[in-house]
$ cat work.pdb   # PDB, C-alpha atoms and all ligand atoms
ATOM      1  CA  MET A   1     -13.611 154.295 163.505  1.00  0.00           C
ATOM      2  CA  ASN A   2     -16.011 157.070 162.526  1.00  0.00           C
ATOM      3  CA  ILE A   3     -18.977 158.359 164.560  1.00  0.00           C
ATOM      4  CA  SER A   4     -21.606 156.126 162.899  1.00  0.00           C
ATOM      5  CA  ASP A   5     -19.454 153.000 163.501  1.00  0.00           C
ATOM      6  CA  LEU A   6     -19.056 154.014 167.139  1.00  0.00           C
ATOM      7  CA  VAL A   7     -22.819 154.570 167.566  1.00  0.00           C
ATOM      8  CA  GLU A   8     -23.524 151.195 165.931  1.00  0.00           C
ATOM      9  CA  THR A   9     -21.057 149.437 168.264  1.00  0.00           C
ATOM     10  CA  VAL A  10     -22.619 151.067 171.339  1.00  0.00           C
ATOM     11  CA  LEU A  11     -26.125 150.034 170.192  1.00  0.00           C
ATOM     12  CA  LEU A  12     -24.927 146.443 169.629  1.00  0.00           C
ATOM     13  CA  MET A  13     -23.458 146.422 173.132  1.00  0.00           C
ATOM     14  CA  PHE A  14     -26.780 147.660 174.559  1.00  0.00           C
ATOM     15  CA  GLU A  15     -28.605 144.843 172.736  1.00  0.00           C
ATOM     16  CA  PHE A  16     -26.089 142.262 173.944  1.00  0.00           C
ATOM     17  CA  TRP A  17     -26.389 143.587 177.530  1.00  0.00           C
ATOM     18  CA  ILE A  18     -30.194 143.294 177.411  1.00  0.00           C
ATOM     19  CA  GLN A  19     -30.202 139.730 176.071  1.00  0.00           C
ATOM     20  CA  THR A  20     -27.239 138.068 177.767  1.00  0.00           C
ATOM     21  CA  HIS A  21     -27.170 136.156 181.089  1.00  0.00           C
ATOM     22  CA  TRP A  22     -27.660 138.331 184.179  1.00  0.00           C
ATOM     23  CA  TYR A  23     -24.137 137.674 185.486  1.00  0.00           C
ATOM     24  CA  ILE A  24     -22.543 138.792 182.185  1.00  0.00           C
ATOM     25  CA  ALA A  25     -24.760 141.905 182.204  1.00  0.00           C
ATOM     26  CA  PHE A  26     -23.707 142.514 185.820  1.00  0.00           C
ATOM     27  CA  ALA A  27     -20.008 142.170 184.894  1.00  0.00           C
ATOM     28  CA  MET A  28     -20.451 144.624 181.997  1.00  0.00           C
ATOM     29  CA  SER A  29     -22.246 147.150 184.244  1.00  0.00           C
ATOM     30  CA  LEU A  30     -19.600 146.784 186.948  1.00  0.00           C
ATOM     31  CA  ALA A  31     -16.719 147.263 184.487  1.00  0.00           C
ATOM     32  CA  THR A  32     -18.440 150.366 183.039  1.00  0.00           C
ATOM     33  CA  ASN A  33     -19.135 151.868 186.479  1.00  0.00           C
ATOM     34  CA  LEU A  34     -15.639 151.177 187.794  1.00  0.00           C
ATOM     35  CA  GLY A  35     -14.030 152.468 184.588  1.00  0.00           C
ATOM     36  CA  ILE A  36     -15.956 155.740 184.718  1.00  0.00           C
ATOM     37  CA  TYR A  37     -15.399 156.115 188.467  1.00  0.00           C
ATOM     38  CA  ILE A  38     -11.623 155.686 188.209  1.00  0.00           C
ATOM     39  CA  VAL A  39     -11.074 157.653 184.965  1.00  0.00           C
ATOM     40  CA  ALA A  40     -13.361 160.575 185.926  1.00  0.00           C
ATOM     41  CA  ALA A  41     -12.149 160.867 189.558  1.00  0.00           C
ATOM     42  CA  SER A  42      -8.450 160.736 188.639  1.00  0.00           C
ATOM     43  CA  SER A  43      -8.894 163.199 185.731  1.00  0.00           C
ATOM     44  CA  ILE A  44     -10.857 165.710 187.835  1.00  0.00           C
ATOM     45  CA  GLU A  45      -8.365 165.378 190.706  1.00  0.00           C
ATOM     46  CA  PHE A  46      -5.405 165.831 188.341  1.00  0.00           C
ATOM     47  CA  LEU A  47      -6.975 168.931 186.727  1.00  0.00           C
ATOM     48  CA  THR A  48      -7.897 170.391 190.140  1.00  0.00           C
ATOM     49  CA  ASN A  49      -4.319 169.942 191.391  1.00  0.00           C
ATOM     50  CA  GLN A  50      -2.871 171.535 188.236  1.00  0.00           C
ATOM     51  CA  ILE A  51      -5.284 174.488 188.347  1.00  0.00           C
ATOM     52  CA  THR A  52      -4.722 175.214 192.049  1.00  0.00           C
ATOM     53  CA  LYS A  53      -0.932 174.754 191.754  1.00  0.00           C
ATOM     54  CA  ARG A  54      -0.666 177.664 189.339  1.00  0.00           C
ATOM     55  CA  GLY A  55      -2.915 179.863 191.531  1.00  0.00           C
ATOM     56  CA  SER A  56      -3.887 182.239 188.746  1.00  0.00           C
ATOM     57  CA  PHE A  57      -6.565 179.811 187.489  1.00  0.00           C
ATOM     58  CA  GLY A  58      -8.161 178.716 190.722  1.00  0.00           C
ATOM     59  CA  ARG A  59      -7.867 177.669 194.365  1.00  0.00           C
ATOM     60  CA  PHE A  60      -9.327 175.147 196.802  1.00  0.00           C
ATOM     61  CA  VAL A  61     -12.681 176.058 198.365  1.00  0.00           C
ATOM     62  CA  ASP A  62     -11.683 174.345 201.615  1.00  0.00           C
ATOM     63  CA  ASN A  63      -8.027 174.164 202.689  1.00  0.00           C
ATOM     64  CA  ARG A  64      -8.404 172.044 205.798  1.00  0.00           C
ATOM     65  CA  PRO A  65      -6.235 168.927 205.956  1.00  0.00           C
ATOM     66  CA  PHE A  66      -7.786 165.601 204.971  1.00  0.00           C
ATOM     67  CA  LYS A  67      -9.012 163.320 207.718  1.00  0.00           C
ATOM     68  CA  LYS A  68      -7.029 160.233 208.685  1.00  0.00           C
ATOM     69  CA  GLY A  69      -7.661 157.453 206.168  1.00  0.00           C
ATOM     70  CA  GLN A  70     -10.066 159.635 204.171  1.00  0.00           C
ATOM     71  CA  ARG A  71      -8.729 158.646 200.728  1.00  0.00           C
ATOM     72  CA  THR A  72      -8.812 154.877 201.439  1.00  0.00           C
ATOM     73  CA  ASN A  73     -12.277 155.232 202.910  1.00  0.00           C
ATOM     74  CA  GLU A  74     -13.575 157.148 199.906  1.00  0.00           C
ATOM     75  CA  MET A  75     -12.148 154.668 197.391  1.00  0.00           C
ATOM     76  CA  LYS A  76     -13.429 151.616 199.267  1.00  0.00           C
ATOM     77  CA  ASN A  77     -16.941 153.089 199.537  1.00  0.00           C
ATOM     78  CA  GLY A  78     -16.820 154.291 195.916  1.00  0.00           C
ATOM     79  CA  VAL A  79     -16.034 150.765 194.652  1.00  0.00           C
ATOM     80  CA  LEU A  80     -18.859 149.353 196.798  1.00  0.00           C
ATOM     81  CA  ALA A  81     -21.229 151.955 195.313  1.00  0.00           C
ATOM     82  CA  CYS A  82     -20.184 150.820 191.795  1.00  0.00           C
ATOM     83  CA  VAL A  83     -21.103 147.227 192.754  1.00  0.00           C
ATOM     84  CA  THR A  84     -24.508 148.432 194.016  1.00  0.00           C
ATOM     85  CA  PHE A  85     -25.147 150.458 190.840  1.00  0.00           C
ATOM     86  CA  ALA A  86     -24.238 147.413 188.713  1.00  0.00           C
ATOM     87  CA  LEU A  87     -26.676 145.201 190.659  1.00  0.00           C
ATOM     88  CA  VAL A  88     -29.476 147.779 190.396  1.00  0.00           C
ATOM     89  CA  SER A  89     -28.851 148.165 186.647  1.00  0.00           C
ATOM     90  CA  LEU A  90     -30.131 144.591 186.195  1.00  0.00           C
ATOM     91  CA  LEU A  91     -33.606 145.840 187.156  1.00  0.00           C
ATOM     92  CA  ALA A  92     -33.468 148.324 184.267  1.00  0.00           C
ATOM     93  CA  ARG A  93     -33.146 145.466 181.751  1.00  0.00           C
ATOM     94  CA  SER A  94     -36.884 144.781 181.931  1.00  0.00           C
ATOM     95  CA  LEU A  95     -38.225 148.306 182.436  1.00  0.00           C
ATOM     96  CA  PHE A  96     -37.268 150.346 179.366  1.00  0.00           C
ATOM     97  CA  VAL A  97     -39.467 150.976 176.303  1.00  0.00           C
ATOM     98  CA  GLY A  98     -36.642 150.947 173.739  1.00  0.00           C
ATOM     99  CA  ILE A  99     -32.971 151.752 173.362  1.00  0.00           C
ATOM    100  CA  VAL A 100     -32.989 155.099 171.549  1.00  0.00           C
ATOM    101  CA  PRO A 101     -35.791 157.741 171.476  1.00  0.00           C
ATOM    102  CA  GLU A 102     -37.475 158.024 168.076  1.00  0.00           C
ATOM    103  CA  SER A 103     -37.294 161.815 167.837  1.00  0.00           C
ATOM    104  CA  ILE A 104     -35.490 164.803 169.313  1.00  0.00           C
ATOM    105  CA  SER A 105     -38.714 165.982 170.989  1.00  0.00           C
ATOM    106  CA  GLN A 106     -39.126 162.583 172.649  1.00  0.00           C
ATOM    107  CA  LEU A 107     -35.507 162.733 173.837  1.00  0.00           C
ATOM    108  CA  LEU A 108     -35.956 166.256 175.235  1.00  0.00           C
ATOM    109  CA  MET A 109     -39.187 165.270 176.990  1.00  0.00           C
ATOM    110  CA  GLU A 110     -37.557 162.247 178.657  1.00  0.00           C
ATOM    111  CA  VAL A 111     -34.539 164.352 179.705  1.00  0.00           C
ATOM    112  CA  LEU A 112     -36.789 167.077 181.139  1.00  0.00           C
ATOM    113  CA  VAL A 113     -39.104 164.730 183.066  1.00  0.00           C
ATOM    114  CA  PHE A 114     -36.232 162.638 184.464  1.00  0.00           C
ATOM    115  CA  THR A 115     -34.337 165.811 185.515  1.00  0.00           C
ATOM    116  CA  VAL A 116     -37.381 167.083 187.450  1.00  0.00           C
ATOM    117  CA  PHE A 117     -37.968 163.627 188.946  1.00  0.00           C
ATOM    118  CA  TYR A 118     -34.339 163.123 190.015  1.00  0.00           C
ATOM    119  CA  GLU A 119     -33.987 166.598 191.525  1.00  0.00           C
ATOM    120  CA  THR A 120     -37.149 166.042 193.587  1.00  0.00           C
ATOM    121  CA  TYR A 121     -36.290 162.445 194.531  1.00  0.00           C
ATOM    122  CA  SER A 122     -32.710 163.243 195.547  1.00  0.00           C
ATOM    123  CA  TYR A 123     -33.737 166.342 197.558  1.00  0.00           C
ATOM    124  CA  PHE A 124     -36.263 164.466 199.698  1.00  0.00           C
ATOM    125  CA  VAL A 125     -34.104 161.347 200.088  1.00  0.00           C
ATOM    126  CA  HIS A 126     -31.222 163.610 201.161  1.00  0.00           C
ATOM    127  CA  ARG A 127     -33.472 165.412 203.693  1.00  0.00           C
ATOM    128  CA  ILE A 128     -34.615 162.060 205.130  1.00  0.00           C
ATOM    129  CA  LEU A 129     -30.983 160.928 205.397  1.00  0.00           C
ATOM    130  CA  HIS A 130     -30.303 163.990 207.562  1.00  0.00           C
ATOM    131  CA  THR A 131     -32.997 163.038 210.111  1.00  0.00           C
ATOM    132  CA  GLN A 132     -32.029 161.499 213.457  1.00  0.00           C
ATOM    133  CA  ARG A 133     -33.201 158.013 212.448  1.00  0.00           C
ATOM    134  CA  PHE A 134     -31.163 157.778 209.228  1.00  0.00           C
ATOM    135  CA  ARG A 135     -28.212 160.052 209.981  1.00  0.00           C
ATOM    136  CA  ALA A 136     -25.908 157.103 210.747  1.00  0.00           C
ATOM    137  CA  PHE A 137     -26.140 155.883 207.122  1.00  0.00           C
ATOM    138  CA  HIS A 138     -25.437 159.331 205.673  1.00  0.00           C
ATOM    139  CA  SER A 139     -22.563 160.018 208.089  1.00  0.00           C
ATOM    140  CA  VAL A 140     -20.406 157.815 205.819  1.00  0.00           C
ATOM    141  CA  HIS A 141     -20.673 160.487 203.085  1.00  0.00           C
ATOM    142  CA  HIS A 142     -20.195 163.355 205.532  1.00  0.00           C
ATOM    143  CA  TYR A 143     -16.980 161.860 206.897  1.00  0.00           C
ATOM    144  CA  SER A 144     -15.387 163.842 204.035  1.00  0.00           C
ATOM    145  CA  VAL A 145     -15.692 167.459 205.196  1.00  0.00           C
ATOM    146  CA  ARG A 146     -13.083 168.669 202.732  1.00  0.00           C
ATOM    147  CA  THR A 147     -14.505 167.058 199.605  1.00  0.00           C
ATOM    148  CA  THR A 148     -12.664 165.215 196.809  1.00  0.00           C
ATOM    149  CA  PRO A 149     -13.923 163.649 193.538  1.00  0.00           C
ATOM    150  CA  TRP A 150     -13.168 160.203 195.021  1.00  0.00           C
ATOM    151  CA  GLY A 151     -15.629 160.978 197.802  1.00  0.00           C
ATOM    152  CA  ALA A 152     -18.537 161.704 195.456  1.00  0.00           C
ATOM    153  CA  TYR A 153     -19.786 158.128 195.944  1.00  0.00           C
ATOM    154  CA  SER A 154     -18.340 157.544 199.374  1.00  0.00           C
ATOM    155  CA  VAL A 155     -21.714 156.496 200.745  1.00  0.00           C
ATOM    156  CA  HIS A 156     -23.199 153.708 202.869  1.00  0.00           C
ATOM    157  CA  PRO A 157     -24.500 150.787 200.713  1.00  0.00           C
ATOM    158  CA  ILE A 158     -28.076 151.733 201.749  1.00  0.00           C
ATOM    159  CA  GLU A 159     -27.535 155.244 200.364  1.00  0.00           C
ATOM    160  CA  ALA A 160     -25.944 153.804 197.197  1.00  0.00           C
ATOM    161  CA  LEU A 161     -29.053 151.639 196.796  1.00  0.00           C
ATOM    162  CA  LEU A 162     -31.326 154.684 197.220  1.00  0.00           C
ATOM    163  CA  ILE A 163     -29.327 156.606 194.583  1.00  0.00           C
ATOM    164  CA  GLY A 164     -29.281 153.628 192.192  1.00  0.00           C
ATOM    165  CA  MET A 165     -32.982 152.866 192.619  1.00  0.00           C
ATOM    166  CA  SER A 166     -33.963 156.304 191.285  1.00  0.00           C
ATOM    167  CA  ALA A 167     -33.764 155.012 187.688  1.00  0.00           C
ATOM    168  CA  PRO A 168     -35.763 151.748 188.082  1.00  0.00           C
ATOM    169  CA  LEU A 169     -38.397 153.635 190.125  1.00  0.00           C
ATOM    170  CA  PHE A 170     -38.705 156.248 187.397  1.00  0.00           C
ATOM    171  CA  MET A 171     -38.753 153.601 184.660  1.00  0.00           C
ATOM    172  CA  SER A 172     -41.563 151.694 186.342  1.00  0.00           C
ATOM    173  CA  VAL A 173     -43.804 154.789 186.148  1.00  0.00           C
ATOM    174  CA  PHE A 174     -42.671 156.681 183.029  1.00  0.00           C
ATOM    175  CA  SER A 175     -41.829 155.419 179.536  1.00  0.00           C
ATOM    176  CA  VAL A 176     -38.136 156.026 178.981  1.00  0.00           C
ATOM    177  CA  HIS A 177     -35.419 154.733 176.661  1.00  0.00           C
ATOM    178  CA  LEU A 178     -32.383 152.881 177.978  1.00  0.00           C
ATOM    179  CA  SER A 179     -29.802 155.170 176.333  1.00  0.00           C
ATOM    180  CA  VAL A 180     -31.371 158.206 178.069  1.00  0.00           C
ATOM    181  CA  ILE A 181     -31.030 156.576 181.504  1.00  0.00           C
ATOM    182  CA  PHE A 182     -27.485 155.420 180.676  1.00  0.00           C
ATOM    183  CA  GLY A 183     -26.495 158.920 179.503  1.00  0.00           C
ATOM    184  CA  PHE A 184     -27.979 160.441 182.651  1.00  0.00           C
ATOM    185  CA  HIS A 185     -26.070 158.018 184.845  1.00  0.00           C
ATOM    186  CA  ILE A 186     -22.712 158.774 183.211  1.00  0.00           C
ATOM    187  CA  LEU A 187     -23.229 162.543 183.245  1.00  0.00           C
ATOM    188  CA  GLY A 188     -24.613 162.322 186.795  1.00  0.00           C
ATOM    189  CA  VAL A 189     -21.466 160.534 188.003  1.00  0.00           C
ATOM    190  CA  ILE A 190     -19.196 163.135 186.374  1.00  0.00           C
ATOM    191  CA  PHE A 191     -21.286 166.060 187.682  1.00  0.00           C
ATOM    192  CA  THR A 192     -21.297 164.603 191.213  1.00  0.00           C
ATOM    193  CA  MET A 193     -17.496 164.354 191.071  1.00  0.00           C
ATOM    194  CA  VAL A 194     -17.207 167.938 189.814  1.00  0.00           C
ATOM    195  CA  ILE A 195     -19.303 169.301 192.718  1.00  0.00           C
ATOM    196  CA  HIS A 196     -17.043 167.363 195.126  1.00  0.00           C
ATOM    197  CA  SER A 197     -13.851 168.650 193.458  1.00  0.00           C
ATOM    198  CA  ASN A 198     -13.296 171.410 196.077  1.00  0.00           C
ATOM    199  CA  LEU A 199     -12.185 173.706 193.236  1.00  0.00           C
ATOM    200  CA  GLU A 200     -12.977 177.385 192.899  1.00  0.00           C
ATOM    201  CA  PHE A 201     -12.070 178.910 189.544  1.00  0.00           C
ATOM    202  CA  ASN A 202     -10.935 182.494 189.276  1.00  0.00           C
ATOM    203  CA  GLU A 203     -14.115 183.807 187.713  1.00  0.00           C
ATOM    204  CA  ARG A 204     -13.450 184.925 184.175  1.00  0.00           C
ATOM    205  CA  PHE A 205     -15.837 183.021 181.997  1.00  0.00           C
ATOM    206  CA  ILE A 206     -19.513 182.344 182.534  1.00  0.00           C
ATOM    207  CA  LEU A 207     -18.952 178.551 182.553  1.00  0.00           C
ATOM    208  CA  PHE A 208     -16.424 178.834 185.397  1.00  0.00           C
ATOM    209  CA  ARG A 209     -18.751 181.096 187.378  1.00  0.00           C
ATOM    210  CA  LEU A 210     -21.523 178.526 186.943  1.00  0.00           C
ATOM    211  CA  LEU A 211     -19.261 175.653 188.031  1.00  0.00           C
ATOM    212  CA  ASN A 212     -18.130 177.696 191.058  1.00  0.00           C
ATOM    213  CA  ARG A 213     -21.742 178.084 192.140  1.00  0.00           C
ATOM    214  CA  TYR A 214     -22.405 174.331 191.991  1.00  0.00           C
ATOM    215  CA  ILE A 215     -19.141 173.388 193.710  1.00  0.00           C
ATOM    216  CA  LYS A 216     -19.438 175.985 196.495  1.00  0.00           C
ATOM    217  CA  TYR A 217     -23.078 175.064 196.991  1.00  0.00           C
ATOM    218  CA  HIS A 218     -22.268 171.451 197.769  1.00  0.00           C
ATOM    219  CA  SER A 219     -19.026 172.219 199.632  1.00  0.00           C
ATOM    220  CA  ALA A 220     -21.118 174.366 201.996  1.00  0.00           C
ATOM    221  CA  HIS A 221     -23.385 171.369 202.567  1.00  0.00           C
ATOM    222  CA  HIS A 222     -20.386 169.272 203.653  1.00  0.00           C
ATOM    223  CA  SER A 223     -18.992 172.097 205.736  1.00  0.00           C
ATOM    224  CA  ILE A 224     -22.155 173.319 207.467  1.00  0.00           C
ATOM    225  CA  GLY A 225     -24.641 170.429 207.331  1.00  0.00           C
ATOM    226  CA  ASN A 226     -28.397 171.042 207.085  1.00  0.00           C
ATOM    227  CA  VAL A 227     -28.297 173.433 204.113  1.00  0.00           C
ATOM    228  CA  ASN A 228     -28.102 173.075 200.322  1.00  0.00           C
ATOM    229  CA  PHE A 229     -29.597 169.613 199.860  1.00  0.00           C
ATOM    230  CA  GLY A 230     -30.256 170.166 196.123  1.00  0.00           C
ATOM    231  CA  PHE A 231     -28.322 168.386 193.393  1.00  0.00           C
ATOM    232  CA  VAL A 232     -28.361 170.562 190.246  1.00  0.00           C
ATOM    233  CA  ASN A 233     -30.986 173.073 191.322  1.00  0.00           C
ATOM    234  CA  SER A 234     -31.810 175.084 194.447  1.00  0.00           C
ATOM    235  CA  PHE A 235     -35.605 175.078 193.806  1.00  0.00           C
ATOM    236  CA  TRP A 236     -36.538 172.734 196.673  1.00  0.00           C
ATOM    237  CA  ASP A 237     -33.978 174.370 198.990  1.00  0.00           C
ATOM    238  CA  SER A 238     -35.661 177.724 198.297  1.00  0.00           C
ATOM    239  CA  CYS A 239     -39.139 176.231 198.906  1.00  0.00           C
ATOM    240  CA  PHE A 240     -38.213 174.697 202.265  1.00  0.00           C
ATOM    241  CA  GLY A 241     -35.853 177.400 203.539  1.00  0.00           C
ATOM    242  CA  THR A 242     -32.734 175.206 203.400  1.00  0.00           C
ATOM    243  CA  LYS A 243     -30.886 177.293 200.840  1.00  0.00           C
ATOM    244  CA  LEU A 244     -27.772 179.067 202.009  1.00  0.00           C
ATOM    245  CA  VAL A 245     -27.881 182.152 199.813  1.00  0.00           C
ATOM    246  CA  GLU A 246     -24.190 182.987 199.980  1.00  0.00           C
ATOM    247  CA  PRO A 247     -22.448 179.632 200.421  1.00  0.00           C
ATOM    248  CA  LYS A 248     -19.392 180.130 202.590  1.00  0.00           C
ATOM    249  CA  VAL A 249     -17.221 177.306 203.707  1.00  0.00           C
ATOM    250  CA  VAL A 250     -16.293 177.316 207.366  1.00  0.00           C
ATOM    251  CA  ASN A 251     -12.529 176.867 207.400  1.00  0.00           C
ATOM    252  CA  LYS A 252     -12.230 175.981 211.066  1.00  0.00           C
TER     253      LYS A 252
HETATM  254 ZN    ZN B   1     -25.865 165.401 203.329  1.00  0.00          ZN
HETATM  255 ZN    ZN B   2     -21.507 165.279 198.968  1.00  0.00          ZN
END

$ encode --input "work.pdb" --output "structure tokens" --more "lines below"
Ligand SMILES: [Zn+2]
Ligand SMILES: [Zn+2]
Amino acid sequence: MNISDLVETVLLMFEFWIQTHWYIAFAMSLATNLGIYIVAASSIEFLTNQITKRGSFGRFVDNRPFKKGQRTNEMKNGVLACVTFALVSLLARSLFVGIVPESISQLLMEVLVFTVFYETYSYFVHRILHTQRFRAFHSVHHYSVRTTPWGAYSVHPIEALLIGMSAPLFMSVFSVHLSVIFGFHILGVIFTMVIHSNLEFNERFILFRLLNRYIKYHSAHHSIGNVNFGFVNSFWDSCFGTKLVEPKVVNK
């Protein structure tokens, strides 16, 4: 199968997903979410273990032992989050303006606006989840102090709903194409797993140095608490004084 056949198949699947019964669309969304969750988490975990085993390529950011039942907890919550994302995806079926953007400039504009929206939305939702009233919900995610890719979506169903609702909320205000939201979701899942990988590369190439920054940034959030709420950018953390300039993980 060449690239154009693959693109055509994906577009046909999008069209089928839009038009079919809600329960078939839900099953397709669930299978996609679970497939990506399992494949991405196991691949990132396998690579992290290989890289840290050799030592010369990288090491763990946090070496503390895992908590009792942490892995089971993370997987159970991760599967529940996939179910929530699949349910929320049904809302997107009526909110998009088309499947594929008509030009590169339109694509770039949608990517830019959604990136700014999501960074802002996730920062403030995350801050609210750290307040006294809502901390109990978010404590599910913070049970994992030493992070793992499986724990990226180890969240309370309410938090999973808040994460999932970002796309329908955005789509109800801005014109956006379905493939852009889908692409964002897939890349977002993978990126979230990478920043929970607990991996620190030995810094040789610029890409590794960049990844180290993201991973250490979020590891410090799990280790210390009320710092580094940002997702891909520290802009809002800088504005509100919640940025830890030199993220250090407390290994105690
Ligand atoms: Zn948090
Ligand atoms: Zn986290």

$ closest_residue --input "work.pdb" --among "A:Arg204, A:His141, A:Arg54, A:Lys68" --to "ligand ZN 1 (chain B)" --atoms "all atoms listed in the file"
A:His141

$ residues_around --input "work.pdb" --residues "segment 77-89 of chain A" --least-positions-apart "5" --cutoff "12 Å" --atoms "all atoms listed in the file" --output "PyMOL selection string"
chain A and resi 17-18+22-38+41+70-72+94-96+140-141+143-144+148-169+171+178+181-182+185-186+189+193

$ write_last_selection --input "work.pdb" --atoms "C-alpha atoms" --output "short mmCIF file (atom, residue, chain, number, x, y, z; two decimals), keeping the file's coordinate frame"
data_model
loop_
_atom_site.label_atom_id
_atom_site.label_comp_id
_atom_site.auth_asym_id
_atom_site.auth_seq_id
_atom_site.Cartn_x
_atom_site.Cartn_y
_atom_site.Cartn_z
CA TRP A 17 -26.39 143.59 177.53
CA ILE A 18 -30.19 143.29 177.41
CA TRP A 22 -27.66 138.33 184.18
CA TYR A 23 -24.14 137.67 185.49
CA ILE A 24 -22.54 138.79 182.18
CA ALA A 25 -24.76 141.90 182.20
CA PHE A 26 -23.71 142.51 185.82
CA ALA A 27 -20.01 142.17 184.89
CA MET A 28 -20.45 144.62 182.00
CA SER A 29 -22.25 147.15 184.24
CA LEU A 30 -19.60 146.78 186.95
CA ALA A 31 -16.72 147.26 184.49
CA THR A 32 -18.44 150.37 183.04
CA ASN A 33 -19.14 151.87 186.48
CA LEU A 34 -15.64 151.18 187.79
CA GLY A 35 -14.03 152.47 184.59
CA ILE A 36 -15.96 155.74 184.72
CA TYR A 37 -15.40 156.12 188.47
CA ILE A 38 -11.62 155.69 188.21
CA ALA A 41 -12.15 160.87 189.56
CA GLN A 70 -10.07 159.64 204.17
CA ARG A 71 -8.73 158.65 200.73
CA THR A 72 -8.81 154.88 201.44
CA SER A 94 -36.88 144.78 181.93
CA LEU A 95 -38.22 148.31 182.44
CA PHE A 96 -37.27 150.35 179.37
CA VAL A 140 -20.41 157.82 205.82
CA HIS A 141 -20.67 160.49 203.08
CA TYR A 143 -16.98 161.86 206.90
CA SER A 144 -15.39 163.84 204.04
CA THR A 148 -12.66 165.22 196.81
CA PRO A 149 -13.92 163.65 193.54
CA TRP A 150 -13.17 160.20 195.02
CA GLY A 151 -15.63 160.98 197.80
CA ALA A 152 -18.54 161.70 195.46
CA TYR A 153 -19.79 158.13 195.94
CA SER A 154 -18.34 157.54 199.37
CA VAL A 155 -21.71 156.50 200.74
CA HIS A 156 -23.20 153.71 202.87
CA PRO A 157 -24.50 150.79 200.71
CA ILE A 158 -28.08 151.73 201.75
CA GLU A 159 -27.54 155.24 200.36
CA ALA A 160 -25.94 153.80 197.20
CA LEU A 161 -29.05 151.64 196.80
CA LEU A 162 -31.33 154.68 197.22
CA ILE A 163 -29.33 156.61 194.58
CA GLY A 164 -29.28 153.63 192.19
CA MET A 165 -32.98 152.87 192.62
CA SER A 166 -33.96 156.30 191.28
CA ALA A 167 -33.76 155.01 187.69
CA PRO A 168 -35.76 151.75 188.08
CA LEU A 169 -38.40 153.64 190.12
CA MET A 171 -38.75 153.60 184.66
CA LEU A 178 -32.38 152.88 177.98
CA ILE A 181 -31.03 156.58 181.50
CA PHE A 182 -27.48 155.42 180.68
CA HIS A 185 -26.07 158.02 184.84
CA ILE A 186 -22.71 158.77 183.21
CA VAL A 189 -21.47 160.53 188.00
CA MET A 193 -17.50 164.35 191.07
#

$ residues_near_ligand --input "work.pdb" --ligand "ligand ZN 1 (chain B)" --cutoff "7 Å" --atoms "only C-alpha atoms and all ligand atoms" --output "list in words"
His126, His130, His138, His142, His221, His222, Gly225 and Phe229 of chain A

$ atom_distance --input "work.pdb" --atom1 "atom CA of Phe57 of chain A" --atom2 "atom CA of Asn212 of chain A"
12.3 Å

$ atom_distance --input "work.pdb" --atom1 "atom CA of Phe114 of chain A" --atom2 "atom CA of Gln19 of chain A"
25.1 Å

$ closest_residue --input "work.pdb" --among "A:Thr192, A:Ser103, A:Gln132, A:Thr147" --to "Ala40 of chain A" --atoms "all atoms listed in the file"
A:Thr192

$ closest_residue --input "work.pdb" --among "A:Ser197, A:Thr242, A:Ser234, A:Ser219" --to "Ile51 of chain A" --atoms "all atoms listed in the file"
A:Ser197

$ closest_residue --input "work.pdb" --among "A:Glu45, A:Tyr123, A:Lys243, A:Glu15" --to "Ile195 of chain A" --atoms "all atoms listed in the file"
A:Glu45

$ atom_distance --input "work.pdb" --atom1 "atom CA of Gly230 of chain A" --atom2 "atom CA of Gly69 of chain A"
27.8 Å

$ axis_aligned_box --input "work.pdb" --around "segment 176-188 of chain A" --padding-each-side "4 Å" --output "lines of an AutoDock Vina configuration file"
center_x = -30.4
center_y = 157.7
center_z = 181.6
size_x = 23.4
size_y = 17.7
size_z = 18.5

$ closest_residue --input "work.pdb" --among "A:Val145, A:Ile128, A:Cys239, A:Leu187" --to "ligand ZN 2 (chain B)" --atoms "all atoms listed in the file"
A:Val145

$ resolve_selection --input "work.pdb" --expression "the PyMOL selection byres (((chain A and resi 98) around 9) and not hetatm)" --output "number ranges by chain"
A: 96-97, 99-101, 175-179

$ closest_residue --input "work.pdb" --among "A:His218, A:Arg146, A:Lys76, A:Arg209" --to "ligand ZN 2 (chain B)" --atoms "only C-alpha atoms and all ligand atoms"
A:His218

$ decode --input "work.pdb" --residues "segment 239-245 of chain A" --atoms "N, CA and C atoms" --output "PDB file, in the first residue's frame"
ATOM      1  N   CYS A 239       4.394  33.569  33.907  1.00  0.00           N
ATOM      2  CA  CYS A 239       3.483  34.687  34.217  1.00  0.00           C
ATOM      3  C   CYS A 239       3.016  34.655  35.660  1.00  0.00           C
ATOM      4  N   PHE A 240       2.734  33.458  36.182  1.00  0.00           N
ATOM      5  CA  PHE A 240       2.140  33.344  37.516  1.00  0.00           C
ATOM      6  C   PHE A 240       3.122  32.872  38.585  1.00  0.00           C
ATOM      7  N   GLY A 241       4.421  32.893  38.243  1.00  0.00           N
ATOM      8  CA  GLY A 241       5.441  32.574  39.250  1.00  0.00           C
ATOM      9  C   GLY A 241       5.434  31.134  39.715  1.00  0.00           C
ATOM     10  N   THR A 242       4.955  30.215  38.857  1.00  0.00           N
ATOM     11  CA  THR A 242       4.936  28.793  39.258  1.00  0.00           C
ATOM     12  C   THR A 242       6.001  27.989  38.516  1.00  0.00           C
ATOM     13  N   LYS A 243       6.893  28.692  37.850  1.00  0.00           N
ATOM     14  CA  LYS A 243       7.927  27.980  37.088  1.00  0.00           C
ATOM     15  C   LYS A 243       9.141  27.715  37.969  1.00  0.00           C
ATOM     16  N   LEU A 244       9.533  26.452  38.021  1.00  0.00           N
ATOM     17  CA  LEU A 244      10.763  26.108  38.720  1.00  0.00           C
ATOM     18  C   LEU A 244      11.864  26.206  37.674  1.00  0.00           C
ATOM     19  N   VAL A 245      12.738  27.205  37.858  1.00  0.00           N
ATOM     20  CA  VAL A 245      13.705  27.509  36.787  1.00  0.00           C
ATOM     21  C   VAL A 245      14.649  26.360  36.516  1.00  0.00           C
TER      22      VAL A 245
END
